[in-house]
$ cat run.txt   # compact mmCIF, C-alpha atoms
# COMPACT_ATOMS: atom_id res chain seq x y z
CA MET Y 1 85.55 93.21 72.25
CA SER Y 2 84.06 96.65 72.64
CA LEU Y 3 81.03 95.56 74.70
CA PHE Y 4 83.41 95.31 77.67
CA LYS Y 5 83.99 99.07 77.54
CA ILE Y 6 80.30 99.63 78.29
CA PHE Y 7 80.89 98.44 81.85
CA ASP Y 8 83.43 101.26 82.30
CA ILE Y 9 81.19 103.84 80.60
CA ALA Y 10 77.97 102.98 82.43
CA GLY Y 11 79.98 102.54 85.66
CA SER Y 12 81.44 106.03 85.34
CA GLY Y 13 77.93 107.38 84.69
CA MET Y 14 76.61 105.62 87.79
CA SER Y 15 79.41 106.86 90.02
CA ALA Y 16 78.92 110.42 88.72
CA GLN Y 17 75.19 110.24 89.48
CA SER Y 18 75.90 108.85 92.96
CA VAL Y 19 78.17 111.85 93.64
CA ARG Y 20 75.24 114.04 92.59
CA LEU Y 21 72.88 112.11 94.91
CA ASN Y 22 75.42 112.51 97.72
CA THR Y 23 75.65 116.29 97.32
CA THR Y 24 71.85 116.47 97.08
CA ALA Y 25 71.52 114.52 100.34
CA SER Y 26 74.02 116.84 101.99
CA ASN Y 27 72.22 119.93 100.67
CA LEU Y 28 68.77 118.72 101.79
CA ALA Y 29 70.10 117.71 105.23
CA ASN Y 30 71.64 121.16 105.69
CA ALA Y 31 68.73 123.12 104.23
CA ASN Y 32 67.89 124.55 107.65
CA SER Y 33 71.41 124.93 109.03
CA VAL Y 34 72.09 128.39 110.45
CA SER Y 35 75.24 130.30 111.33
CA THR Y 36 76.25 133.46 113.16
CA THR Y 37 78.32 134.83 110.25
CA GLU Y 38 77.69 135.07 106.52
CA ASP Y 39 80.89 133.15 105.73
CA GLY Y 40 80.00 130.33 108.13
CA ALA Y 41 76.62 129.61 106.52
CA TYR Y 42 76.22 126.34 104.61
CA ARG Y 43 76.34 126.82 100.83
CA SER Y 44 74.66 124.42 98.43
CA ARG Y 45 77.12 122.04 96.74
CA GLN Y 46 76.86 120.98 93.09
CA PRO Y 47 79.02 118.43 91.26
CA LEU Y 48 80.62 119.42 87.94
CA PHE Y 49 80.39 116.74 85.22
CA GLN Y 50 82.65 116.48 82.20
CA ALA Y 51 82.98 113.93 79.40
CA ALA Y 52 86.27 112.06 79.91
CA LEU Y 53 87.86 113.57 76.80
CA ASP Y 54 91.42 112.33 77.34
CA GLN Y 55 90.17 108.81 76.64
CA ALA Y 56 88.46 110.09 73.50
CA PHE Y 57 91.71 111.33 71.98
CA GLU Y 58 93.47 108.05 72.76
CA SER Y 59 90.84 105.86 71.18
CA ASN Y 60 90.10 108.29 68.34
CA GLY Y 61 86.40 109.09 68.35
CA ALA Y 62 85.29 106.14 70.47
CA ALA Y 63 82.69 106.35 73.22
CA VAL Y 64 83.60 108.20 76.42
CA GLY Y 65 82.57 107.97 80.06
CA VAL Y 66 81.77 110.71 82.57
CA ARG Y 67 84.22 112.32 84.99
CA VAL Y 68 83.37 114.38 88.05
CA LEU Y 69 85.62 117.44 87.81
CA GLY Y 70 84.85 118.45 91.36
CA VAL Y 71 82.20 119.80 93.68
CA MET Y 72 81.61 123.54 93.62
CA GLU Y 73 79.76 125.66 96.15
CA SER Y 74 76.92 127.87 95.04
CA SER Y 75 77.75 131.59 95.08
CA ALA Y 76 74.19 132.68 95.94
CA PRO Y 77 74.04 134.78 99.14
CA PRO Y 78 72.77 133.01 102.31
CA GLN Y 79 69.40 134.09 103.67
CA ARG Y 80 69.67 136.74 106.42
CA LEU Y 81 66.89 136.31 108.99
CA PHE Y 82 66.02 138.44 112.02
CA GLU Y 83 65.78 136.04 114.98
CA PRO Y 84 67.02 137.79 118.14
CA GLY Y 85 65.91 134.84 120.30
CA ASN Y 86 68.21 132.41 118.51
CA PRO Y 87 71.36 131.59 120.55
CA LEU Y 88 73.36 131.76 117.30
CA ALA Y 89 72.16 135.30 116.43
CA ASP Y 90 74.84 137.98 116.00
CA ALA Y 91 74.99 141.31 117.89
CA GLU Y 92 72.23 142.80 115.68
CA GLY Y 93 69.96 139.77 116.12
CA TYR Y 94 70.47 138.26 112.66
CA ILE Y 95 71.23 134.64 111.71
CA TYR Y 96 72.45 133.40 108.34
CA LYS Y 97 70.60 130.43 106.88
CA SER Y 98 71.95 128.16 104.10
CA ASN Y 99 71.28 129.13 100.46
CA VAL Y 100 69.90 125.67 99.56
CA ASN Y 101 66.90 125.76 97.20
CA ILE Y 102 64.85 122.75 98.32
CA ALA Y 103 62.66 122.54 95.18
CA GLU Y 104 65.77 122.60 93.00
CA GLU Y 105 67.39 119.87 95.08
CA MET Y 106 64.32 117.62 94.90
CA ALA Y 107 64.28 117.97 91.10
CA ASN Y 108 68.02 117.23 91.09
CA MET Y 109 67.46 114.10 93.16
CA ILE Y 110 64.79 112.74 90.80
CA SER Y 111 66.92 113.49 87.74
CA ALA Y 112 69.96 111.79 89.31
CA SER Y 113 68.04 108.66 90.28
CA ARG Y 114 66.48 108.38 86.77
CA SER Y 115 69.90 108.75 85.15
CA PHE Y 116 71.27 106.11 87.53
CA GLN Y 117 68.46 103.73 86.52
CA ASN Y 118 69.17 104.39 82.83
CA ASN Y 119 72.79 103.40 83.30
CA ILE Y 120 71.79 100.21 85.14
CA GLU Y 121 69.44 99.29 82.25
CA VAL Y 122 72.26 99.82 79.76
CA LEU Y 123 74.53 97.63 81.87
CA ASN Y 124 71.97 94.83 82.17
CA THR Y 125 71.19 94.82 78.44
CA SER Y 126 74.88 94.75 77.51
CA LYS Y 127 75.47 91.92 79.97
CA ASP Y 128 72.61 89.92 78.40
CA LEU Y 129 74.03 90.52 74.92
CA MET Y 130 77.49 89.37 76.01
CA LEU Y 131 76.14 86.22 77.66
CA ARG Y 132 74.15 85.41 74.51
CA THR Y 133 77.27 85.93 72.41
CA LEU Y 134 79.09 83.43 74.62
CA GLN Y 135 76.34 80.90 73.90
CA MET Y 136 76.71 81.26 70.12
CA GLY Y 137 76.35 78.01 68.16
CA ARG Y 138 74.99 75.95 71.06
CA MET H 1 85.42 72.11 46.90
CA SER H 2 86.69 74.11 49.84
CA LEU H 3 84.43 75.87 52.31
CA ASN H 4 85.21 79.51 53.07
CA ILE H 5 84.00 80.02 56.63
CA ASP H 6 84.22 83.81 56.32
CA LYS H 7 81.89 83.72 53.32
CA HIS H 8 79.63 81.24 55.04
CA PHE H 9 79.05 83.69 57.92
CA GLY H 10 78.25 86.41 55.39
CA VAL H 11 77.51 89.94 56.52
CA HIS H 12 76.39 88.88 60.00
CA ALA H 13 79.87 88.76 61.52
CA GLN H 14 80.48 92.40 60.53
CA ALA H 15 76.94 93.34 61.56
CA VAL H 16 77.50 92.01 65.10
CA GLN H 17 80.78 93.92 65.31
CA LEU H 18 79.17 97.19 64.19
CA ARG H 19 76.19 96.64 66.48
CA SER H 20 78.48 96.25 69.48
CA GLN H 21 80.32 99.45 68.52
CA ARG H 22 76.97 101.25 68.27
CA THR H 23 75.91 99.84 71.67
CA GLU H 24 79.05 101.39 73.14
CA LEU H 25 78.33 104.81 71.60
CA LEU H 26 74.70 104.80 72.78
CA ALA H 27 75.81 103.75 76.29
CA ALA H 28 78.19 106.73 76.33
CA ASN H 29 75.35 109.03 75.26
CA ILE H 30 73.12 107.78 78.09
CA ALA H 31 75.96 107.98 80.64
CA ASN H 32 76.65 111.60 79.58
CA ALA H 33 72.98 112.66 79.61
CA ASP H 34 73.75 115.26 82.34
CA THR H 35 77.21 116.36 81.17
CA PRO H 36 77.23 120.01 80.05
CA GLY H 37 78.51 120.51 76.49
CA TYR H 38 78.42 116.79 75.59
CA LYS H 39 77.33 116.11 71.99
CA ALA H 40 75.39 112.89 71.35
CA ARG H 41 76.96 110.62 68.72
CA ASP H 42 75.83 107.68 66.62
CA LEU H 43 76.72 105.55 63.61
CA ASP H 44 74.92 105.61 60.28
CA PHE H 45 74.57 101.85 60.43
CA GLN H 46 73.19 101.28 56.91
CA SER H 47 75.94 103.15 55.07
CA VAL H 48 78.72 101.74 57.25
CA LEU H 49 77.52 98.17 56.80
CA ARG H 50 77.11 98.65 53.04
CA ARG H 51 80.67 99.96 52.84
CA THR H 52 82.16 97.14 54.93
CA ALA H 53 80.17 94.55 52.98
CA GLU H 54 81.43 95.94 49.64
CA THR H 55 85.10 96.19 50.47
CA GLY H 56 85.30 93.51 53.12
CA GLU H 57 86.84 95.75 55.80
CA GLY H 58 85.96 99.33 54.96
CA LEU H 59 88.62 101.60 53.49
CA ARG H 60 91.92 99.83 53.19
CA VAL H 61 94.77 101.45 55.09
CA THR H 62 98.29 100.73 53.85
CA HIS H 63 100.18 103.02 56.23
CA GLU H 64 99.68 103.60 59.95
CA ARG H 65 99.45 107.39 59.45
CA HIS H 66 96.74 107.21 56.82
CA MET H 67 93.52 108.85 57.96
CA LEU H 68 89.91 107.86 57.33
CA PRO H 69 86.98 110.26 56.72
CA ASN H 70 85.18 111.61 59.81
CA GLY H 71 88.19 110.94 62.01
CA ALA H 72 87.60 107.21 62.43
CA ALA H 73 90.56 105.04 63.30
CA PRO H 74 91.45 102.21 60.89
CA GLY H 75 89.00 99.35 61.28
CA GLN H 76 86.48 101.63 62.99
CA ALA H 77 83.28 103.06 61.59
CA PRO H 78 83.04 106.86 61.23
CA VAL H 79 81.12 108.46 64.09
CA LEU H 80 78.59 111.20 63.39
CA TYR H 81 76.96 113.77 65.68
CA ARG H 82 73.24 113.64 66.27
CA VAL H 83 71.09 116.62 65.21
CA PRO H 84 69.34 117.69 68.42
CA ILE H 85 65.54 117.89 68.50
CA GLN H 86 65.43 119.97 71.67
CA PRO H 87 68.86 121.52 72.31
CA SER H 88 69.42 122.49 75.94
CA LEU H 89 71.00 125.65 77.29
CA ASP H 90 74.12 123.91 78.65
CA GLY H 91 75.16 122.65 75.18
CA ASN H 92 74.18 119.03 75.83
CA THR H 93 72.45 117.41 72.84
CA VAL H 94 71.49 114.07 74.46
CA ASP H 95 67.77 113.27 74.26
CA VAL H 96 67.49 110.40 76.75
CA GLN H 97 64.21 109.01 75.35
CA GLN H 98 65.63 108.96 71.84
CA GLU H 99 68.82 107.28 73.05
CA GLN H 100 66.88 104.68 75.03
CA ALA H 101 64.78 103.82 71.99
CA ALA H 102 67.87 103.56 69.81
CA PHE H 103 69.58 101.41 72.45
CA ALA H 104 66.65 99.00 72.68
CA GLU H 105 66.37 98.76 68.89
CA ASN H 106 70.10 98.18 68.60
CA ALA H 107 70.02 95.44 71.26
CA VAL H 108 67.22 93.59 69.45
CA ARG H 109 69.02 93.83 66.11
CA TYR H 110 72.24 92.66 67.75
CA GLN H 111 70.42 89.57 69.01
CA ALA H 112 68.92 88.99 65.54
CA SER H 113 72.36 89.09 63.88
CA LEU H 114 73.67 86.85 66.63
CA GLU H 115 70.85 84.37 66.03
CA PHE H 116 71.64 84.24 62.29
CA LEU H 117 75.31 83.70 63.11
CA SER H 118 74.41 81.02 65.62
CA GLY H 119 72.33 79.21 63.00
CA ARG H 120 75.26 79.16 60.59
CA VAL H 121 77.58 77.79 63.29
CA ARG H 122 75.05 75.07 64.12
CA GLY H 123 74.81 74.24 60.41
CA LEU H 124 78.57 73.86 60.19
CA ILE H 125 78.67 71.64 63.27
CA THR H 126 75.93 69.42 61.78
CA ALA H 127 77.91 69.19 58.54
CA ILE H 128 81.11 68.28 60.41
CA LYS H 129 79.45 65.59 62.52
CA GLY H 130 77.51 64.25 59.56
CA GLN H 131 74.41 63.57 61.57
CA SER H 132 71.29 65.42 62.48
CA GLN H 133 71.13 66.45 66.13
$ encode --input "run.txt" --output "structure tokens"
Amino acid sequence: MSLFKIFDIAGSGMSAQSVRLNTTASNLANANSVSTTEDGAYRSRQPLFQAALDQAFESNGAAVGVRVLGVMESSAPPQRLFEPGNPLADAEGYIYKSNVNIAEEMANMISASRSFQNNIEVLNTSKDLMLRTLQMGR
Amino acid sequence: MSLNIDKHFGVHAQAVQLRSQRTELLAANIANADTPGYKARDLDFQSVLRRTAETGEGLRVTHERHMLPNGAAPGQAPVLYRVPIQPSLDGNTVDVQQEQAAFAENAVRYQASLEFLSGRVRGLITAIKGQSQ
């Protein structure tokens, strides 16, 4: 019965969104992290989603779940700030602050939590339908 | 006079099957709402049901390598792509509100078909027992 596949599909969607929430939490927590060098600065991390296409070819056009391809680091340059009093400042008095965009991350967080809720709704509805199907004829 | 149980259930058995396939597709659309490049898909329920009701099981396949239109596997309804209302820059064509509405509608119609089916089963049971419950 194909309703069972919905648990896999919605489950993959939920786990993908929780990866996104995880990276968002990490980005927001490190928004004010500083470093002495440009390479050492924290860079914002974003998950890369992809439809699980290998399943699609197997089942010939059927519904597919989500796969997290990986987490990539943003290539935007870190902020260079002049703070000679900071113990982490380099010889010229500069520190390198993370390139996290807080507004973007907040929007990301809201979008991820809404998508997560959508998947839970789908799961609950499908579960109700299955339970009703089990009760057929009673 | 023999009773054909398949005929007694009528179109509702196939309707429930198609509804559950559509539920799966809509769930995949909602799960992939944030996947770049994902194209939302759906069934044209009316035409698929009409076809299955006419021929009994859709197009008949007499060889395992025979293909059906729109790339559907034997016994499966052809899947179509949704025309996006507001296409996004990353190639994703899922409109979450539209998918949620379709999902809710589909769930209600699934329950309706199920209720019809349930009624027929109860009727059969009453006939077998020969007494009103």
$ residues_around --input "run.txt" --residues "Ala31 of chain H" --least-positions-apart "3" --cutoff "12 Å" --atoms "all atoms listed in the file" --output "PyMOL selection string"
(chain Y and resi 6-17+49-52+63-67+112+114-123) or (chain H and resi 24-28+34-35+38-40+94-96+99-100)
$ residues_near_point --input "run.txt" --point "(78.6, 92.7, 83.4)" --cutoff "10 Å" --atoms "only C-alpha atoms" --output "PyMOL selection string"
chain Y and resi 3-4+6-8+123-131
$ closest_residue --input "run.txt" --among "H:Gly91, H:Gly119, H:Pro84, H:Gly10" --to "chain Y" --atoms "only C-alpha atoms"
H:Gly119
$ atom_distance --input "run.txt" --atom1 "atom CA of Val83 of chain H" --atom2 "atom CA of Pro47 of chain Y"
27.3 Å
$ closest_residue --input "run.txt" --among "H:Asp90, H:Leu124, H:Arg82, H:Leu49" --to "Val11 of chain H" --atoms "all atoms listed in the file"
H:Leu49
$ closest_atom_pairs --input "run.txt" --of "chain H" --to "chain Y" --cutoff "10 Å" --atoms "only C-alpha atoms" --output "JSON lines"
{"residue": "H:Val16", "atom": "CA", "partner": "Y:Thr133", "partner_atom": "CA", "distance": 9.5}
{"residue": "H:Gln17", "atom": "CA", "partner": "Y:Met1", "partner_atom": "CA", "distance": 8.5}
{"residue": "H:Leu18", "atom": "CA", "partner": "Y:Ser2", "partner_atom": "CA", "distance": 9.8}
{"residue": "H:Arg19", "atom": "CA", "partner": "Y:Leu3", "partner_atom": "CA", "distance": 9.6}
{"residue": "H:Ser20", "atom": "CA", "partner": "Y:Leu3", "partner_atom": "CA", "distance": 5.9}
{"residue": "H:Gln21", "atom": "CA", "partner": "Y:Ser2", "partner_atom": "CA", "distance": 6.2}
{"residue": "H:Arg22", "atom": "CA", "partner": "Y:Ala63", "partner_atom": "CA", "distance": 9.1}
{"residue": "H:Thr23", "atom": "CA", "partner": "Y:Leu3", "partner_atom": "CA", "distance": 7.3}
{"residue": "H:Glu24", "atom": "CA", "partner": "Y:Ile6", "partner_atom": "CA", "distance": 5.6}
{"residue": "H:Leu25", "atom": "CA", "partner": "Y:Ala63", "partner_atom": "CA", "distance": 4.9}
{"residue": "H:Leu26", "atom": "CA", "partner": "Y:Ala63", "partner_atom": "CA", "distance": 8.2}
{"residue": "H:Ala27", "atom": "CA", "partner": "Y:Val122", "partner_atom": "CA", "distance": 6.3}
{"residue": "H:Ala28", "atom": "CA", "partner": "Y:Ala63", "partner_atom": "CA", "distance": 5.5}
{"residue": "H:Asn29", "atom": "CA", "partner": "Y:Ala63", "partner_atom": "CA", "distance": 8.1}
{"residue": "H:Ile30", "atom": "CA", "partner": "Y:Asn119", "partner_atom": "CA", "distance": 6.8}
{"residue": "H:Ala31", "atom": "CA", "partner": "Y:Gly13", "partner_atom": "CA", "distance": 4.5}
{"residue": "H:Asn32", "atom": "CA", "partner": "Y:Val66", "partner_atom": "CA", "distance": 6.0}
{"residue": "H:Ala33", "atom": "CA", "partner": "Y:Ser115", "partner_atom": "CA", "distance": 7.4}
{"residue": "H:Asp34", "atom": "CA", "partner": "Y:Phe49", "partner_atom": "CA", "distance": 7.4}
{"residue": "H:Thr35", "atom": "CA", "partner": "Y:Phe49", "partner_atom": "CA", "distance": 5.2}
{"residue": "H:Pro36", "atom": "CA", "partner": "Y:Gln50", "partner_atom": "CA", "distance": 6.8}
{"residue": "H:Gly37", "atom": "CA", "partner": "Y:Gln50", "partner_atom": "CA", "distance": 8.1}
{"residue": "H:Tyr38", "atom": "CA", "partner": "Y:Ala51", "partner_atom": "CA", "distance": 6.6}
{"residue": "H:Lys39", "atom": "CA", "partner": "Y:Ala51", "partner_atom": "CA", "distance": 9.6}
{"residue": "H:Ala40", "atom": "CA", "partner": "Y:Ala63", "partner_atom": "CA", "distance": 10.0}
{"residue": "H:Arg41", "atom": "CA", "partner": "Y:Ala63", "partner_atom": "CA", "distance": 8.4}
{"residue": "H:Asp42", "atom": "CA", "partner": "Y:Ala63", "partner_atom": "CA", "distance": 9.6}
{"residue": "H:Asn70", "atom": "CA", "partner": "Y:Gly61", "partner_atom": "CA", "distance": 9.0}
{"residue": "H:Gly71", "atom": "CA", "partner": "Y:Gly61", "partner_atom": "CA", "distance": 6.8}
{"residue": "H:Ala72", "atom": "CA", "partner": "Y:Gly61", "partner_atom": "CA", "distance": 6.3}
{"residue": "H:Ala73", "atom": "CA", "partner": "Y:Asn60", "partner_atom": "CA", "distance": 6.0}
{"residue": "H:Pro74", "atom": "CA", "partner": "Y:Asn60", "partner_atom": "CA", "distance": 9.7}
{"residue": "H:Gln76", "atom": "CA", "partner": "Y:Ala62", "partner_atom": "CA", "distance": 8.8}
{"residue": "H:Ala77", "atom": "CA", "partner": "Y:Gly61", "partner_atom": "CA", "distance": 9.6}
{"residue": "H:Pro78", "atom": "CA", "partner": "Y:Gly61", "partner_atom": "CA", "distance": 8.2}
{"residue": "H:Val79", "atom": "CA", "partner": "Y:Gly61", "partner_atom": "CA", "distance": 6.8}
{"residue": "H:Leu80", "atom": "CA", "partner": "Y:Gly61", "partner_atom": "CA", "distance": 9.5}
{"residue": "H:Val96", "atom": "CA", "partner": "Y:Asn118", "partner_atom": "CA", "distance": 8.7}
{"residue": "H:Gln100", "atom": "CA", "partner": "Y:Asn118", "partner_atom": "CA", "distance": 8.1}
{"residue": "H:Phe103", "atom": "CA", "partner": "Y:Val122", "partner_atom": "CA", "distance": 7.9}
{"residue": "H:Ala104", "atom": "CA", "partner": "Y:Thr125", "partner_atom": "CA", "distance": 8.4}
{"residue": "H:Ala107", "atom": "CA", "partner": "Y:Thr125", "partner_atom": "CA", "distance": 7.3}
{"residue": "H:Val108", "atom": "CA", "partner": "Y:Leu129", "partner_atom": "CA", "distance": 9.3}
{"residue": "H:Tyr110", "atom": "CA", "partner": "Y:Leu129", "partner_atom": "CA", "distance": 7.7}
{"residue": "H:Gln111", "atom": "CA", "partner": "Y:Leu129", "partner_atom": "CA", "distance": 7.0}
{"residue": "H:Leu114", "atom": "CA", "partner": "Y:Thr133", "partner_atom": "CA", "distance": 6.9}
{"residue": "H:Glu115", "atom": "CA", "partner": "Y:Met136", "partner_atom": "CA", "distance": 7.8}
{"residue": "H:Phe116", "atom": "CA", "partner": "Y:Gly137", "partner_atom": "CA", "distance": 9.8}
{"residue": "H:Leu117", "atom": "CA", "partner": "Y:Met136", "partner_atom": "CA", "distance": 7.6}
{"residue": "H:Ser118", "atom": "CA", "partner": "Y:Gly137", "partner_atom": "CA", "distance": 4.4}
{"residue": "H:Gly119", "atom": "CA", "partner": "Y:Gly137", "partner_atom": "CA", "distance": 6.7}
{"residue": "H:Arg120", "atom": "CA", "partner": "Y:Gly137", "partner_atom": "CA", "distance": 7.7}
{"residue": "H:Val121", "atom": "CA", "partner": "Y:Gly137", "partner_atom": "CA", "distance": 5.0}
{"residue": "H:Arg122", "atom": "CA", "partner": "Y:Gly137", "partner_atom": "CA", "distance": 5.2}
{"residue": "H:Gly123", "atom": "CA", "partner": "Y:Gly137", "partner_atom": "CA", "distance": 8.8}
{"residue": "H:Leu124", "atom": "CA", "partner": "Y:Gly137", "partner_atom": "CA", "distance": 9.3}
{"residue": "H:Ile125", "atom": "CA", "partner": "Y:Gly137", "partner_atom": "CA", "distance": 8.4}
$ atom_distance --input "run.txt" --atom1 "atom CA of Gly70 of chain Y" --atom2 "atom CA of Thr23 of chain Y"
11.2 Å
$ residues_near_point --input "run.txt" --point "(79.5, 93.5, 57.0)" --cutoff "7 Å" --atoms "all atoms listed in the file" --output "list in words"
Val11, His12, Ala13, Gln14, Ala15, Leu49, Arg50, Thr52, Ala53 and Gly56 of chain H
$ write_last_selection --input "run.txt" --atoms "C-alpha atoms" --output "PDB file, in the coordinates of the input"
ATOM      1  CA  VAL H  11      77.510  89.940  56.520  1.00  0.00           C
ATOM      2  CA  HIS H  12      76.390  88.880  60.000  1.00  0.00           C
ATOM      3  CA  ALA H  13      79.870  88.760  61.520  1.00  0.00           C
ATOM      4  CA  GLN H  14      80.480  92.400  60.530  1.00  0.00           C
ATOM      5  CA  ALA H  15      76.940  93.340  61.560  1.00  0.00           C
ATOM      6  CA  LEU H  49      77.520  98.170  56.800  1.00  0.00           C
ATOM      7  CA  ARG H  50      77.110  98.650  53.040  1.00  0.00           C
ATOM      8  CA  THR H  52      82.160  97.140  54.930  1.00  0.00           C
ATOM      9  CA  ALA H  53      80.170  94.550  52.980  1.00  0.00           C
ATOM     10  CA  GLY H  56      85.300  93.510  53.120  1.00  0.00           C
TER      11      GLY H  56
END
$ axis_aligned_box --input "run.txt" --around "segment 32-45 of chain H" --padding-each-side "4 Å" --output "JSON"
{"center_x": 75.7, "center_y": 111.2, "center_z": 71.3, "size_x": 13.5, "size_y": 26.7, "size_z": 30.1}
$ residues_around --input "run.txt" --residues "Ala41 of chain Y" --least-positions-apart "6" --cutoff "6 Å" --atoms "only C-alpha atoms" --output "ChimeraX atom specification"
/Y:35,96,98
$ atom_distance --input "run.txt" --atom1 "atom CA of Ile102 of chain Y" --atom2 "atom CA of Ala89 of chain Y"
23.2 Å
$ closest_residue --input "run.txt" --among "H:Phe45, H:His63, H:Pro87, H:Ile5" --to "Arg109 of chain H" --atoms "all atoms listed in the file"
H:Phe45
$ residues_around --input "run.txt" --residues "Phe82 of chain Y" --least-positions-apart "3" --cutoff "7 Å" --atoms "all atoms listed in the file" --output "CSV table (one decimal) with C-alpha atoms, in the frame of the given file"
chain,number,residue,atom,x,y,z
Y,93,GLY,CA,70.0,139.8,116.1
Y,94,TYR,CA,70.5,138.3,112.7
Y,95,ILE,CA,71.2,134.6,111.7
$ closest_residue --input "run.txt" --among "Y:Thr36, Y:Gln46, Y:Gln79, Y:Asn86" --to "Leu21 of chain Y" --atoms "all atoms listed in the file"
Y:Gln46
